[in-house]
>>> print(open('coords30.cif').read())   # mmCIF, C-alpha atoms
data_start
#
loop_
_atom_site.group_PDB
_atom_site.id
_atom_site.type_symbol
_atom_site.label_atom_id
_atom_site.label_comp_id
_atom_site.auth_asym_id
_atom_site.auth_seq_id
_atom_site.Cartn_x
_atom_site.Cartn_y
_atom_site.Cartn_z
ATOM 1 C CA MET A 1 30.557 84.031 205.114
ATOM 2 C CA SER A 2 31.308 85.670 201.736
ATOM 3 C CA ALA A 3 30.173 84.246 198.409
ATOM 4 C CA ALA A 4 33.770 83.268 197.616
ATOM 5 C CA GLY A 5 34.169 81.614 201.016
ATOM 6 C CA ASN A 6 30.978 79.607 200.591
ATOM 7 C CA VAL A 7 31.958 78.510 197.085
ATOM 8 C CA LEU A 8 35.425 77.496 198.293
ATOM 9 C CA ARG A 9 33.831 75.438 201.052
ATOM 10 C CA GLY A 10 31.593 73.730 198.503
ATOM 11 C CA LEU A 11 34.485 73.068 196.131
ATOM 12 C CA ASN A 12 36.500 71.535 198.960
ATOM 13 C CA HIS A 13 33.549 69.292 199.757
ATOM 14 C CA GLY A 14 33.290 68.267 196.108
ATOM 15 C CA PHE A 15 37.027 67.611 195.929
ATOM 16 C CA SER A 16 36.846 65.389 199.010
ATOM 17 C CA ASN A 17 33.993 63.428 197.426
ATOM 18 C CA ARG A 18 35.990 62.907 194.236
ATOM 19 C CA LEU A 19 39.006 61.629 196.187
ATOM 20 C CA SER A 20 36.763 59.212 198.084
ATOM 21 C CA ALA A 21 35.287 57.989 194.813
ATOM 22 C CA LEU A 22 38.758 57.444 193.347
ATOM 23 C CA GLY A 23 39.745 55.528 196.461
ATOM 24 C CA ALA A 24 36.748 53.259 196.099
ATOM 25 C CA VAL A 25 37.571 52.641 192.440
ATOM 26 C CA ALA A 26 41.219 51.923 193.255
ATOM 27 C CA ALA A 27 40.133 49.355 195.829
ATOM 28 C CA GLY A 28 38.411 47.419 193.056
ATOM 29 C CA LEU A 29 41.351 47.319 190.643
ATOM 30 C CA GLY A 30 42.380 43.798 189.831
ATOM 31 C CA SER A 31 38.799 42.570 189.866
ATOM 32 C CA PRO A 32 37.265 40.795 186.831
ATOM 33 C CA ASP A 33 35.488 44.053 185.988
ATOM 34 C CA GLU A 34 38.719 46.036 185.638
ATOM 35 C CA ALA A 35 37.739 47.579 182.277
ATOM 36 C CA SER A 36 34.703 49.178 183.895
ATOM 37 C CA MET A 37 36.923 50.402 186.720
ATOM 38 C CA GLY A 38 39.128 52.157 184.162
ATOM 39 C CA GLU A 39 36.113 53.991 182.771
ATOM 40 C CA GLN A 40 35.169 55.093 186.268
ATOM 41 C CA VAL A 41 38.687 56.408 186.851
ATOM 42 C CA ASP A 42 38.501 58.382 183.611
ATOM 43 C CA GLY A 43 35.170 59.840 184.713
ATOM 44 C CA GLU A 44 36.510 60.887 188.104
ATOM 45 C CA ILE A 45 39.579 62.467 186.493
ATOM 46 C CA GLY A 46 37.283 64.506 184.246
ATOM 47 C CA ARG A 47 35.310 65.698 187.277
ATOM 48 C CA LEU A 48 38.507 66.628 189.103
ATOM 49 C CA GLU A 49 39.666 68.630 186.090
ATOM 50 C CA GLY A 50 36.332 70.474 186.147
ATOM 51 C CA LEU A 51 36.790 71.276 189.841
ATOM 52 C CA LEU A 52 40.336 72.511 189.160
ATOM 53 C CA ARG A 53 39.041 74.908 186.490
ATOM 54 C CA LEU A 54 36.519 76.326 188.968
ATOM 55 C CA TYR A 55 39.187 76.653 191.689
ATOM 56 C CA ARG A 56 41.264 78.768 189.303
ATOM 57 C CA LEU A 57 38.321 81.118 188.747
ATOM 58 C CA LEU A 58 37.714 81.719 192.427
ATOM 59 C CA PRO A 59 40.437 84.188 193.560
ATOM 60 C CA MET A 60 39.048 87.707 193.210
ATOM 61 C CA ALA A 61 40.256 89.049 189.892
ATOM 62 C CA GLY A 62 39.185 92.670 189.952
ATOM 63 C CA ALA A 63 42.632 93.904 188.881
ATOM 64 C CA LEU A 64 42.828 91.842 185.696
ATOM 65 C CA PRO A 65 43.037 93.919 182.494
ATOM 66 C CA ALA A 66 39.866 94.377 180.493
ATOM 67 C CA GLU A 67 39.500 92.383 177.303
ATOM 68 C CA PRO A 68 36.661 91.665 174.867
ATOM 69 C CA ALA A 69 34.431 88.844 176.080
ATOM 70 C CA GLN A 70 31.226 87.138 175.038
ATOM 71 C CA VAL A 71 28.739 87.183 177.900
ATOM 72 C CA SER A 72 27.604 83.658 177.058
ATOM 73 C CA ASP A 73 31.159 82.388 177.704
ATOM 74 C CA ALA A 74 30.839 83.292 181.398
ATOM 75 C CA MET A 75 27.556 81.493 182.025
ATOM 76 C CA ASP A 76 28.591 77.847 182.454
ATOM 77 C CA ASP A 77 31.435 78.558 184.873
ATOM 78 C CA ALA A 78 29.437 81.134 186.861
ATOM 79 C CA VAL A 79 26.580 78.667 187.302
ATOM 80 C CA GLY A 80 29.126 75.925 188.069
ATOM 81 C CA LEU A 81 30.590 78.034 190.883
ATOM 82 C CA PHE A 82 27.106 78.881 192.128
ATOM 83 C CA ARG A 83 26.180 75.198 192.304
ATOM 84 C CA HIS A 84 29.108 74.668 194.675
ATOM 85 C CA HIS A 85 28.023 77.518 196.989
ATOM 86 C CA TYR A 86 27.766 75.708 200.309
ATOM 87 C CA ALA A 87 24.684 77.602 201.505
ATOM 88 C CA LEU A 88 22.875 78.008 198.160
ATOM 89 C CA ARG A 89 23.862 74.911 196.164
ATOM 90 C CA ASP A 90 20.318 73.507 196.384
ATOM 91 C CA VAL A 91 18.804 76.614 194.748
ATOM 92 C CA ALA A 92 17.585 75.710 191.257
ATOM 93 C CA CYS A 93 19.085 77.862 188.508
ATOM 94 C CA THR A 94 18.130 78.261 184.873
ATOM 95 C CA VAL A 95 19.758 80.428 182.214
ATOM 96 C CA GLU A 96 17.924 82.293 179.452
ATOM 97 C CA GLY A 97 20.207 84.173 177.079
ATOM 98 C CA ASP A 98 20.013 85.920 173.741
ATOM 99 C CA PRO A 99 22.602 84.387 171.368
ATOM 100 C CA MET A 100 22.850 87.766 169.609
ATOM 101 C CA THR A 101 24.059 89.543 172.752
ATOM 102 C CA PRO A 102 27.030 91.706 171.699
ATOM 103 C CA PRO A 103 30.465 91.380 173.342
ATOM 104 C CA VAL A 104 31.564 93.490 176.300
ATOM 105 C CA LEU A 105 34.941 94.859 177.390
ATOM 106 C CA VAL A 106 35.359 93.001 180.684
ATOM 107 C CA ASN A 107 37.926 90.374 181.588
ATOM 108 C CA LEU A 108 36.156 87.010 181.323
ATOM 109 C CA THR A 109 37.178 85.893 184.818
ATOM 110 C CA VAL A 110 35.917 89.157 186.301
ATOM 111 C CA LEU A 111 32.668 88.799 184.371
ATOM 112 C CA THR A 112 32.263 85.215 185.617
ATOM 113 C CA GLN A 113 32.740 86.321 189.216
ATOM 114 C CA ALA A 114 30.286 89.201 188.737
ATOM 115 C CA VAL A 115 27.637 86.799 187.408
ATOM 116 C CA LEU A 116 28.255 84.531 190.412
ATOM 117 C CA LEU A 117 27.712 87.465 192.782
ATOM 118 C CA LEU A 118 24.601 88.464 190.827
ATOM 119 C CA LEU A 119 23.155 84.968 191.338
ATOM 120 C CA CYS A 120 23.978 85.030 195.036
ATOM 121 C CA ALA A 121 22.444 88.482 195.455
ATOM 122 C CA ALA A 122 19.082 87.135 194.292
ATOM 123 C CA ALA A 123 19.236 83.569 195.611
ATOM 124 C CA ARG A 124 20.049 84.456 199.198
ATOM 125 C CA HIS A 125 16.555 85.935 199.576
ATOM 126 C CA LEU A 126 14.923 82.533 199.119
ATOM 127 C CA PRO A 127 14.036 80.554 202.251
ATOM 128 C CA ALA A 128 15.219 76.954 202.193
ATOM 129 C CA ASP A 129 11.719 75.593 201.560
ATOM 130 C CA GLN A 130 11.548 77.641 198.338
ATOM 131 C CA TYR A 131 14.924 76.700 196.866
ATOM 132 C CA ALA A 132 13.106 74.641 194.230
ATOM 133 C CA ASP A 133 11.523 77.858 192.901
ATOM 134 C CA GLY A 134 15.078 78.937 192.186
ATOM 135 C CA VAL A 135 16.471 81.863 190.256
ATOM 136 C CA VAL A 136 16.450 82.673 186.561
ATOM 137 C CA LEU A 137 19.583 84.191 185.052
ATOM 138 C CA ARG A 138 18.921 86.217 181.909
ATOM 139 C CA TYR A 139 21.146 88.218 179.591
ATOM 140 C CA ALA A 140 20.458 90.306 176.494
ATOM 141 C CA GLY A 141 21.633 93.549 174.977
ATOM 142 C CA ASP A 142 21.635 96.077 172.181
ATOM 143 C CA SER A 143 24.406 98.036 170.473
ATOM 144 C CA ASP A 144 25.124 100.063 173.641
ATOM 145 C CA TRP A 145 24.323 97.997 176.701
ATOM 146 C CA VAL A 146 24.157 94.424 177.944
ATOM 147 C CA ASP A 147 21.821 93.666 180.839
ATOM 148 C CA LEU A 148 22.211 90.632 183.069
ATOM 149 C CA THR A 149 19.556 89.829 185.664
ATOM 150 C CA ALA A 150 19.108 87.172 188.311
ATOM 151 C CA GLU A 151 15.540 86.981 189.561
ATOM 152 C CA THR A 152 13.850 84.822 192.164
ATOM 153 C CA GLY A 153 11.142 82.512 190.888
ATOM 154 C CA VAL A 154 8.784 83.419 193.713
ATOM 155 C CA ALA A 155 7.829 86.564 195.641
ATOM 156 C CA VAL A 156 10.075 87.120 198.675
ATOM 157 C CA PRO A 157 10.898 90.037 200.981
ATOM 158 C CA LEU A 158 13.941 92.184 200.203
ATOM 159 C CA ALA A 159 16.583 91.433 202.830
ATOM 160 C CA GLU A 160 19.280 93.691 204.239
ATOM 161 C CA GLY A 161 22.763 93.791 202.776
ATOM 162 C CA THR A 162 21.921 94.665 199.178
ATOM 163 C CA THR A 163 23.906 97.913 199.337
ATOM 164 C CA SER A 164 27.222 96.083 199.725
ATOM 165 C CA GLU A 165 26.348 93.675 196.890
ATOM 166 C CA VAL A 166 25.502 96.560 194.580
ATOM 167 C CA ALA A 167 28.753 98.334 195.492
ATOM 168 C CA ALA A 168 30.776 95.183 194.823
ATOM 169 C CA LEU A 169 29.125 94.595 191.440
ATOM 170 C CA ARG A 170 29.680 98.198 190.381
ATOM 171 C CA TRP A 171 33.344 98.002 191.409
ATOM 172 C CA MET A 172 33.892 94.797 189.452
ATOM 173 C CA VAL A 173 32.718 96.372 186.174
ATOM 174 C CA ARG A 174 33.868 99.912 186.951
ATOM 175 C CA ASP A 175 35.912 100.184 183.740
ATOM 176 C CA ALA A 176 32.986 99.149 181.533
ATOM 177 C CA ALA A 177 30.604 102.008 182.356
ATOM 178 C CA GLY A 178 28.735 99.460 184.455
ATOM 179 C CA ASP A 179 25.918 99.830 186.954
ATOM 180 C CA ALA A 180 24.067 97.469 189.261
ATOM 181 C CA SER A 181 20.972 97.289 191.441
ATOM 182 C CA VAL A 182 19.036 94.906 193.658
ATOM 183 C CA MET A 183 15.325 95.601 193.921
ATOM 184 C CA ARG A 184 11.910 94.086 194.511
ATOM 185 C CA THR A 185 9.674 94.086 191.454
ATOM 186 C CA ALA A 186 5.974 94.910 191.320
ATOM 187 C CA ARG A 187 5.286 91.165 191.482
ATOM 188 C CA GLY A 188 7.357 90.843 194.652
ATOM 189 C CA LEU A 189 10.290 89.084 193.017
ATOM 190 C CA VAL A 190 13.829 90.058 193.994
ATOM 191 C CA ARG A 191 15.812 91.055 190.918
ATOM 192 C CA ALA A 192 19.559 91.696 190.856
ATOM 193 C CA THR A 193 20.678 93.555 187.728
ATOM 194 C CA LEU A 194 24.068 94.244 186.203
ATOM 195 C CA ARG A 195 24.390 96.585 183.209
ATOM 196 C CA VAL A 196 27.633 96.665 181.228
ATOM 197 C CA GLY A 197 28.602 98.789 178.246
ATOM 198 C CA THR A 198 29.174 96.872 175.029
ATOM 199 C CA LEU A 199 32.570 96.706 173.376
ATOM 200 C CA ALA A 200 31.306 98.980 170.577
ATOM 201 C CA ASN A 201 29.920 101.485 173.084
ATOM 202 C CA LEU A 202 33.185 101.707 175.021
ATOM 203 C CA ARG A 203 35.268 101.996 171.851
ATOM 204 C CA ARG A 204 33.090 104.946 170.782
ATOM 205 C CA ARG A 205 33.628 106.559 174.187
ATOM 206 C CA GLU A 206 37.387 106.147 173.823
ATOM 207 C CA ARG A 207 37.237 107.952 170.476
ATOM 208 C CA GLY A 208 35.074 110.654 172.026
ATOM 209 C CA GLY A 209 32.107 109.755 169.844
#
>>> encode(input="coords30.cif", output="structure tokens")
Amino acid sequence: MSAAGNVLRGLNHGFSNRLSALGAVAAGLGSPDEASMGEQVDGEIGRLEGLLRLYRLLPMAGALPAEPAQVSDAMDDAVGLFRHHYALRDVACTVEGDPMTPPVLVNLTVLTQAVLLLLCAAARHLPADQYADGVVLRYAGDSDWVDLTAETGVAVPLAEGTTSEVAALRWMVRDAAGDASVMRTARGLVRATLRVGTLANLRRRERGG
């Protein structure tokens, strides 16, 4: 099943859980503790709104027009989608980013989906008994390039299927002078990398500089 299909399955599962929780709260309305019930309803509504935002990010958005985006703005939603991936939702994930990372010229939804795929490209190499070792998502850049990497926290073999992941990542950022790779490091970690040209870099290219 594709990354999008697995995330959709996980979101549907989460949505079903939220509906069940709301049903349980509704069954208690009219009890002496009704004020607390109201707070629980508010909490469930907030969680449903969060799920709705993630649903809206899921349809593949490769045709959306490019626009300036801060890489950090894609992190929370990309990790949120990853944590609903039905097969990989138990993989621990941490984010390490440089707050000075310059903006890129990639539609934010496209960038979010690319980061999701980057996480999946690394995480799928972990066996279930090593999900706790997780993946680390890092991003940093200079005046020309921004590099995003997702790396396993433990040495694992490099599985088949990386060629299609690399091709998909390159296609998603094709208008931003992007490149991608999935490799095994000298320490045996699997590292998925996405490189994207900065906004300043691409503007210079447009001017022929």
>>> residues_near_point(input="coords30.cif", point="(33.9, 84.7, 188.4)", cutoff="9 Å", atoms="only C-alpha atoms", output="list in words")
Leu54, Leu57, Leu58, Pro59, Met60, Ala61, Ala74, Asp77, Ala78, Leu81, Leu108, Thr109, Val110, Leu111, Thr112, Gln113, Ala114, Val115, Leu116 and Leu117 of chain A
>>> residues_around(input="coords30.cif", residues="Leu11 of chain A", least_positions_apart="6", cutoff="8 Å", atoms="only C-alpha atoms", output="list in words")
Leu51, Tyr55, His84 and His85 of chain A
>>> write_last_selection(input="coords30.cif", atoms="C-alpha atoms", output="tab-separated table (two decimals), in the coordinates of the input")
chain	number	residue	atom	x	y	z
A	51	LEU	CA	36.79	71.28	189.84
A	55	TYR	CA	39.19	76.65	191.69
A	84	HIS	CA	29.11	74.67	194.68
A	85	HIS	CA	28.02	77.52	196.99
>>> resolve_selection(input="coords30.cif", expression="the PyMOL selection byres ((chain A and resi 87) around 12)", output="PyMOL selection string")
chain A and resi 1-10+82-86+88-91+120+123-128+131
>>> write_last_selection(input="coords30.cif", atoms="C-alpha atoms", output="PDB file, keeping the file's coordinate frame")
ATOM      1  CA  MET A   1      30.557  84.031 205.114  1.00  0.00           C
ATOM      2  CA  SER A   2      31.308  85.670 201.736  1.00  0.00           C
ATOM      3  CA  ALA A   3      30.173  84.246 198.409  1.00  0.00           C
ATOM      4  CA  ALA A   4      33.770  83.268 197.616  1.00  0.00           C
ATOM      5  CA  GLY A   5      34.169  81.614 201.016  1.00  0.00           C
ATOM      6  CA  ASN A   6      30.978  79.607 200.591  1.00  0.00           C
ATOM      7  CA  VAL A   7      31.958  78.510 197.085  1.00  0.00           C
ATOM      8  CA  LEU A   8      35.425  77.496 198.293  1.00  0.00           C
ATOM      9  CA  ARG A   9      33.831  75.438 201.052  1.00  0.00           C
ATOM     10  CA  GLY A  10      31.593  73.730 198.503  1.00  0.00           C
ATOM     11  CA  PHE A  82      27.106  78.881 192.128  1.00  0.00           C
ATOM     12  CA  ARG A  83      26.180  75.198 192.304  1.00  0.00           C
ATOM     13  CA  HIS A  84      29.108  74.668 194.675  1.00  0.00           C
ATOM     14  CA  HIS A  85      28.023  77.518 196.989  1.00  0.00           C
ATOM     15  CA  TYR A  86      27.766  75.708 200.309  1.00  0.00           C
ATOM     16  CA  LEU A  88      22.875  78.008 198.160  1.00  0.00           C
ATOM     17  CA  ARG A  89      23.862  74.911 196.164  1.00  0.00           C
ATOM     18  CA  ASP A  90      20.318  73.507 196.384  1.00  0.00           C
ATOM     19  CA  VAL A  91      18.804  76.614 194.748  1.00  0.00           C
ATOM     20  CA  CYS A 120      23.978  85.030 195.036  1.00  0.00           C
ATOM     21  CA  ALA A 123      19.236  83.569 195.611  1.00  0.00           C
ATOM     22  CA  ARG A 124      20.049  84.456 199.198  1.00  0.00           C
ATOM     23  CA  HIS A 125      16.555  85.935 199.576  1.00  0.00           C
ATOM     24  CA  LEU A 126      14.923  82.533 199.119  1.00  0.00           C
ATOM     25  CA  PRO A 127      14.036  80.554 202.251  1.00  0.00           C
ATOM     26  CA  ALA A 128      15.219  76.954 202.193  1.00  0.00           C
ATOM     27  CA  TYR A 131      14.924  76.700 196.866  1.00  0.00           C
TER      28      TYR A 131
END
>>> resolve_selection(input="coords30.cif", expression="the PyMOL selection byres ((chain A and resi 202) around 9)", output="ChimeraX atom specification")
/A:104-105,144,176-177,197-201,203-207
>>> write_last_selection(input="coords30.cif", atoms="C-alpha atoms", output="short mmCIF file (atom, residue, chain, number, x, y, z; two decimals), in the coordinates of the input")
data_model
loop_
_atom_site.label_atom_id
_atom_site.label_comp_id
_atom_site.auth_asym_id
_atom_site.auth_seq_id
_atom_site.Cartn_x
_atom_site.Cartn_y
_atom_site.Cartn_z
CA VAL A 104 31.56 93.49 176.30
CA LEU A 105 34.94 94.86 177.39
CA ASP A 144 25.12 100.06 173.64
CA ALA A 176 32.99 99.15 181.53
CA ALA A 177 30.60 102.01 182.36
CA GLY A 197 28.60 98.79 178.25
CA THR A 198 29.17 96.87 175.03
CA LEU A 199 32.57 96.71 173.38
CA ALA A 200 31.31 98.98 170.58
CA ASN A 201 29.92 101.48 173.08
CA ARG A 203 35.27 102.00 171.85
CA ARG A 204 33.09 104.95 170.78
CA ARG A 205 33.63 106.56 174.19
CA GLU A 206 37.39 106.15 173.82
CA ARG A 207 37.24 107.95 170.48
#
>>> closest_residue(input="coords30.cif", among="A:Val182, A:Ala192, A:Val71, A:Leu64", to="Asp98 of chain A", atoms="only C-alpha atoms")
A:Val71
>>> residues_near_point(input="coords30.cif", point="(41.3, 91.7, 181.3)", cutoff="7 Å", atoms="all atoms listed in the file", output="CSV table (one decimal) with C-alpha atoms, keeping the file's coordinate frame")
chain,number,residue,atom,x,y,z
A,64,LEU,CA,42.8,91.8,185.7
A,65,PRO,CA,43.0,93.9,182.5
A,66,ALA,CA,39.9,94.4,180.5
A,67,GLU,CA,39.5,92.4,177.3
A,106,VAL,CA,35.4,93.0,180.7
A,107,ASN,CA,37.9,90.4,181.6
A,108,LEU,CA,36.2,87.0,181.3
>>> atom_distance(input="coords30.cif", atom1="atom CA of Glu49 of chain A", atom2="atom CA of Gly80 of chain A")
13.0 Å
>>> atom_distance(input="coords30.cif", atom1="atom CA of Ala69 of chain A", atom2="atom CA of Met100 of chain A")
13.3 Å
>>> resolve_selection(input="coords30.cif", expression="the PyMOL selection byres ((chain A and resi 134-143) around 6)", output="PyMOL selection string")
chain A and resi 91-98+101+131-133+144-153
>>> atom_distance(input="coords30.cif", atom1="atom CA of Arg170 of chain A", atom2="atom CA of Thr193 of chain A")
10.5 Å
>>> closest_residue(input="coords30.cif", among="A:Pro68, A:Thr185, A:Asp76, A:Pro157", to="Arg53 of chain A", atoms="only C-alpha atoms")
A:Asp76
>>> closest_residue(input="coords30.cif", among="A:Val166, A:Arg174, A:Asn12, A:Leu189", to="Leu48 of chain A", atoms="all atoms listed in the file")
A:Asn12
>>> closest_residue(input="coords30.cif", among="A:Leu194, A:Ala159, A:Met75, A:Ala122", to="Ala180 of chain A", atoms="all atoms listed in the file")
A:Leu194
